[in-house]
Every structure is written in C-alpha cells, then in structure tokens.
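Enquirer: Sending over a structure as structure tokens; questions will come in a sec.
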Amino acid sequence: MIVSAKEMLDKAYENGYAIAHFNTNNLEWTRAILEACEEKQTAVMIASSEGAAKYMGGFEVVANLVRTMHDSLGITVPVAIHLDHGSYEGAKACIEAGYTSVMFDGSHFPLEENLEKTREIVELAHAKGISVEAEVGSIGGEEDGVIGEGELADVEECKQLAACGIDFLAAGIGNIHGVYPENWAGLNFDRLKEISDAVQMPIVLHGGTGIPEEQIKKAIELGVSKINVNTECQLAFAKATREYIEEGKDQQGKGFDPRKLLAPGTEAIKQVCFDKIAMMGSEGSANN
C-alpha cells in the first residue's frame with residue numbers, strides 16, 4: 001500500500017528498529033527495492049532526489065512509476081514515495097505530483113528562513129496527508145549539488161525545527177553522503193543522544209552507505225528510525241554490470257539485450273536491500 005511515512009516511522013521509533021530509505025534512479029532500481037522489501041515484509045521509503053527525478057522525466061513520472069509498479073507486482077507492504085533533499089519549490093511540486101512524503105532541506109538557509117519555509121511546507125503537506133522531513137546541521141559531502149561540511153546540528157535549533165510540526169528530523173551528527181574516507185571520525189553519539197532526548201521524535205540518518213553495523217545499531221538505539229541508502233546501491237549496480245561486460249557476456253547470444261545486461265546489477269541492488277533491512281532490524285515488521 002502507498003502511504004505517508006509518518007506511521008511507519010513512528011512504529012519504528014516506538015519499537016527500536018529503522019526503516020530503510022532507498023533512492024531510486026530508474027525502473028530497475030524501483031523494482032529491485034519493491035521486490036526485496038516485499039520478500040522481507042518490511043515497510044520502505046522509495047526516494048528520489050530532484051536530480052534523479054529530472055533524469056527520470058519529472059516528479060510525476062517517479063510517483064507514477066512507483067505506484068504502477070507497486071500495483072502490478074502486488075506489493076502488500078507499506079511504501080512511501082519520498083523526496084530526498086528537496087528545495088522549497090521542489091517540495092511543493094512533489095506535494096502536487098503524488099509523492100506521499102517530502103524532505104524540505106533548508107539547512108543551508110539562515111535558521112529563521114529555514115523555520116519559516118519548513119512551516120509552510122508542513123502546512124501544505126499535512127493538508128494532503130503527506131509526511132515531512134526537515135534538516136538542520138548539514139550532512140557532509142555532496143547531494144545534487146548541495147555541499148555540506150558535515151557540522152554537528154545544534155540541539156536548540158533541532159528543537160525549534162521539530163516544533164514546526166515536522167514528522168521526522170534529519171540532523172548532522174558527523175555523517176556524510178557518498179563513500180566515507182578512511183580517516184572518518186565516526187558518528188557523534190553524544191550529540192545524537194542530546195538531539196534525540198530534546199526532540200523525542202524519529203531521527204533520520206543520511207549517508208547510510210558504509211557506516212559500520214555496530215554504529216548503525218547504536219544509532220537506532222538512540223532514536224534513529226530512518227536510514228538513507230543510495231551510494232551503496234549505485235556501487236553494487238556498477239560492479240555487477242562491469243563484471244558482466246568484462247566477462248564478455250554481453251557478446252554471448254543476445255547478452256546485449258538490456259533485460260540481460262541490467263539483470264546482474266538489479267540483483268546486486270536487491271542484495272544490498274536485504275543486507276540493510278537485516279542490519280536495521282525491520283524484517284517482518286510489516287506484519288506486526
């Protein structure tokens with residue numbers, strides 16, 4: 001069922017596990033995510049960045065793809081269609097395009113502007129039953145041209161943003177987008193606990209690729225209820241596709257057929273989904 005993300009994340013928050021947010025980039029990504037989560041009986045958030053949505057043909061294409069494939073495959077688990085790191089205009093467009101959850105990322109604005117715009121998005125989204133994520137304290141690395149230094153979120157700013165009526169909060173705790181460098185200091189659990197205690201709501205961990213399992217589990221214990229994964233799926237897809245071509249399988253019979261060419265990468269994405277679902281502890285949660 002296609003739903004808002006609020007109920008699934010509140011349930012995860014109350015029961016000590018996390019819901020996976022997987023970014024989609026095309027049909028293969030979408031199908032792999034849906035099939036993996038149906039097999040493991042877990043709710044899921046399928047997200048697009050604004051750049052990925054543009055690549056795929058627009059916000060309505062993304063929303064319609066997820067909905068149509070969900071129905072065609074007979075998916076029974078809760079599925080939220082989410083905008084990742086949305087701009088103010090992008091979030092408004094997704095509210096109209098059929099997304100069921102949006103992230104407005106105003107972390108690069110002065111605090112008062114972030115709060116004002118967040119309140120406006122919350123009002124528009126909640127009027128249509130759409131959940132809202134917002135952010136303070138930038139996530140390190142780059143996401144669709146938005147570059148963050150990865151500074152720690154301020155606890156008081158987190159409280160002010162939570163008071164805007166959002167459903168879940170993204171806050172910088174030393175996490176970064178993309179591949180983590182060898183000298184990465186790890187997540188700042190002291191700051192995470194301070195934020196979690198202050199806001200008493202589901203926390204979002206961006207940059208879920210490559211964070212060690214013990215840190216993932218500890219973050220969940222401290223209130224993280226949604227973990228974003230994108231880079232790991234991209235790396236797995238690229239590796240499997242490269243191996244297929246380098247082994248010459250695209251030259252065997254009709255190995256160049258995209259249904260065959262893209263199949264190994266699609267299966268690799270499913271395996272990443274299986275691994276992350278197990279790590280986050282959400283398997284079977286759709287039945288409870």
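In the structure tokens, chains take the letters A, B, ... in the order shown, each chain's residues start at 1, and ligands count up from 1 in the order shown.
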Please, which residues in segment 71-159 of chain A fall within 12 Å of segment 25-32 of chain A when counting only C-alpha atoms, and what is the closest atom pair and distance in Å to one decimal for each, ordered by chain then residue number, as a tab-separated table?

Expert:
```
residue	atom	partner	partner_atom	distance
A:Asp71	CA	A:Arg31	CA	11.5
A:Ser72	CA	A:Arg31	CA	10.4
A:Leu73	CA	A:Arg31	CA	8.6
A:Gly74	CA	A:Arg31	CA	11.6
A:Ile75	CA	A:Arg31	CA	10.5
A:Val79	CA	A:Thr30	CA	11.3
A:Ile81	CA	A:Thr30	CA	10.8
```

Enquirer: What lies within 12 Å of Thr241 of chain A using only C-alpha atoms, ignoring chain neighbours under 6 positions off, as a count of residues only?

Expert: 20

Enquirer: What gap, in Å, lies between atom CA of Ala134 of chain A and atom CA of Leu192 of chain A?

Expert: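 Separation of atom CA of Ala134 of chain A and atom CA of Leu192 of chain A: 15.9 Å.
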
Enquirer: With a cut-off of 10 Å, could you pull out the residues of segment 17-111 of chain A touching segment 170-181 of chain A and give me the nearest pair of atoms for each, distance in Å to one decimal, using only C-alpha atoms, ordered by chain and ascending number, as a Markdown table?

Expert:
```
| residue | atom | partner | partner_atom | distance |
| --- | --- | --- | --- | --- |
| A:His85 | CA | A:Ala170 | CA | 10.0 |
| A:Met103 | CA | A:Ala170 | CA | 9.0 |
| A:Asp105 | CA | A:Ala170 | CA | 8.8 |
| A:Ser107 | CA | A:Ala171 | CA | 9.2 |
```

Enquirer: Keeping N, CA, C and O atoms for every residue in the selection just given, could you write it to a file as a short mmCIF file (atom, residue, chain, number, x, y, z; two decimals), in the first residue's frame?

Expert:
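What landed in out-v6.cif:
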```cif
data_model
loop_
_atom_site.label_atom_id
_atom_site.label_comp_id
_atom_site.auth_asym_id
_atom_site.auth_seq_id
_atom_site.Cartn_x
_atom_site.Cartn_y
_atom_site.Cartn_z
N HIS A 85 16.16 15.52 0.05
CA HIS A 85 16.86 16.81 -0.01
C HIS A 85 16.18 17.78 -0.98
O HIS A 85 16.82 18.36 -1.87
N MET A 103 11.00 15.74 1.84
CA MET A 103 12.00 16.38 2.68
C MET A 103 12.24 17.77 2.13
O MET A 103 12.60 17.93 0.96
N ASP A 105 14.87 20.52 2.60
CA ASP A 105 16.19 20.74 3.17
C ASP A 105 16.52 22.22 3.14
O ASP A 105 17.02 22.74 2.14
N SER A 107 18.60 23.52 5.37
CA SER A 107 19.73 23.63 6.30
C SER A 107 20.76 24.67 5.85
O SER A 107 21.54 25.16 6.67
#
```

Enquirer: Just list the residues in segment 28-205 of chain A DSSP gives helix (DSSP H, G or I) on the backbone, as a PyMOL selection string.

Expert: chain A and resi 28-40+50-56+59-73+88-97+111-126+155-162+189-199

Enquirer: Per DSSP on the backbone, filter segment 39-258 of chain A down to the residues in strand (DSSP E or B) and report them as a ChimeraX atom specification.

Expert: /A:44-49,79-86,101-104,131-136,140-143,146-148,168-171,176,203-205,224-229

Enquirer: Report as an mmCIF file with N, CA and C atoms, in the first residue's frame all protein, DNA and RNA residues lying within 10 Å of Leu169 of chain A, evaluated on only C-alpha atoms, omitting residues in the same chain fewer than 4 positions from it.

Expert:
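Contents of part.cif, freshly written:
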```cif
data_model
loop_
_atom_site.group_PDB
_atom_site.id
_atom_site.type_symbol
_atom_site.label_atom_id
_atom_site.label_comp_id
_atom_site.auth_asym_id
_atom_site.auth_seq_id
_atom_site.Cartn_x
_atom_site.Cartn_y
_atom_site.Cartn_z
ATOM 1 N N MET A 103 11.000 15.735 1.845
ATOM 2 C CA MET A 103 12.004 16.378 2.677
ATOM 3 C C MET A 103 12.243 17.770 2.126
ATOM 4 N N VAL A 132 6.470 15.000 6.412
ATOM 5 C CA VAL A 132 7.520 15.988 6.136
ATOM 6 C C VAL A 132 8.762 15.705 6.972
ATOM 7 N N GLU A 133 9.906 15.738 6.300
ATOM 8 C CA GLU A 133 11.222 15.679 6.926
ATOM 9 C C GLU A 133 11.907 17.016 6.702
ATOM 10 N N ALA A 134 12.650 17.485 7.692
ATOM 11 C CA ALA A 134 13.411 18.727 7.540
ATOM 12 C C ALA A 134 14.775 18.533 8.181
ATOM 13 N N GLU A 135 15.680 19.483 7.945
ATOM 14 C CA GLU A 135 17.067 19.286 8.368
ATOM 15 C C GLU A 135 17.689 20.534 8.959
ATOM 16 N N VAL A 136 18.503 20.313 9.985
ATOM 17 C CA VAL A 136 19.448 21.326 10.471
ATOM 18 C C VAL A 136 20.806 20.663 10.623
ATOM 19 N N CYS A 158 17.522 22.155 16.577
ATOM 20 C CA CYS A 158 16.719 20.945 16.338
ATOM 21 C C CYS A 158 15.358 21.058 17.018
ATOM 22 N N LYS A 159 15.335 21.555 18.241
ATOM 23 C CA LYS A 159 14.072 21.704 18.970
ATOM 24 C C LYS A 159 13.153 22.682 18.257
ATOM 25 N N LEU A 161 13.135 23.395 15.041
ATOM 26 C CA LEU A 161 12.653 22.808 13.793
ATOM 27 C C LEU A 161 11.582 21.758 14.077
ATOM 28 N N ALA A 162 11.787 20.957 15.110
ATOM 29 C CA ALA A 162 10.790 19.947 15.474
ATOM 30 C C ALA A 162 9.463 20.604 15.821
ATOM 31 N N ILE A 195 20.221 15.347 20.896
ATOM 32 C CA ILE A 195 19.157 15.724 19.963
ATOM 33 C C ILE A 195 17.926 14.858 20.185
ATOM 34 N N SER A 196 18.142 13.549 20.291
ATOM 35 C CA SER A 196 17.030 12.619 20.457
ATOM 36 C C SER A 196 16.259 12.899 21.739
ATOM 37 N N VAL A 199 14.148 16.248 21.151
ATOM 38 C CA VAL A 199 13.027 16.334 20.208
ATOM 39 C C VAL A 199 12.004 15.212 20.365
ATOM 40 N N MET A 201 11.389 12.392 18.797
ATOM 41 C CA MET A 201 10.733 12.034 17.542
ATOM 42 C C MET A 201 11.711 11.238 16.682
ATOM 43 N N PRO A 202 11.240 10.584 15.615
ATOM 44 C CA PRO A 202 12.155 9.817 14.761
ATOM 45 C C PRO A 202 13.251 10.700 14.165
ATOM 46 N N ILE A 203 14.484 10.191 14.242
ATOM 47 C CA ILE A 203 15.643 10.883 13.682
ATOM 48 C C ILE A 203 16.051 10.171 12.390
ATOM 49 N N VAL A 204 16.503 10.957 11.414
ATOM 50 C CA VAL A 204 16.926 10.405 10.130
ATOM 51 C C VAL A 204 18.447 10.431 10.031
ATOM 52 N N LEU A 205 19.018 9.300 9.625
ATOM 53 C CA LEU A 205 20.465 9.207 9.406
ATOM 54 C C LEU A 205 20.722 9.178 7.911
ATOM 55 N N VAL A 224 17.396 6.864 16.025
ATOM 56 C CA VAL A 224 17.370 6.891 14.560
ATOM 57 C C VAL A 224 16.363 5.856 14.069
ATOM 58 N N SER A 225 15.406 6.307 13.260
ATOM 59 C CA SER A 225 14.322 5.431 12.804
ATOM 60 C C SER A 225 14.234 5.359 11.292
ATOM 61 N N LYS A 226 15.086 6.078 10.593
ATOM 62 C CA LYS A 226 15.121 6.072 9.130
ATOM 63 C C LYS A 226 16.572 6.226 8.703
#
```

Enquirer: For Val122 of chain A, which of A:His70, A:Lys92, A:His108, A:Lys193 is the closest residue, counting only C-alpha atoms?

Expert: A:Lys92

Enquirer: Rounded to one decimal in Å, what is the spacing between atom CA of Asn64 of chain A and atom CA of Ser49 of chain A?

Expert: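 Answer for the atom CA of Asn64 of chain A to atom CA of Ser49 of chain A separation: 15.5 Å.
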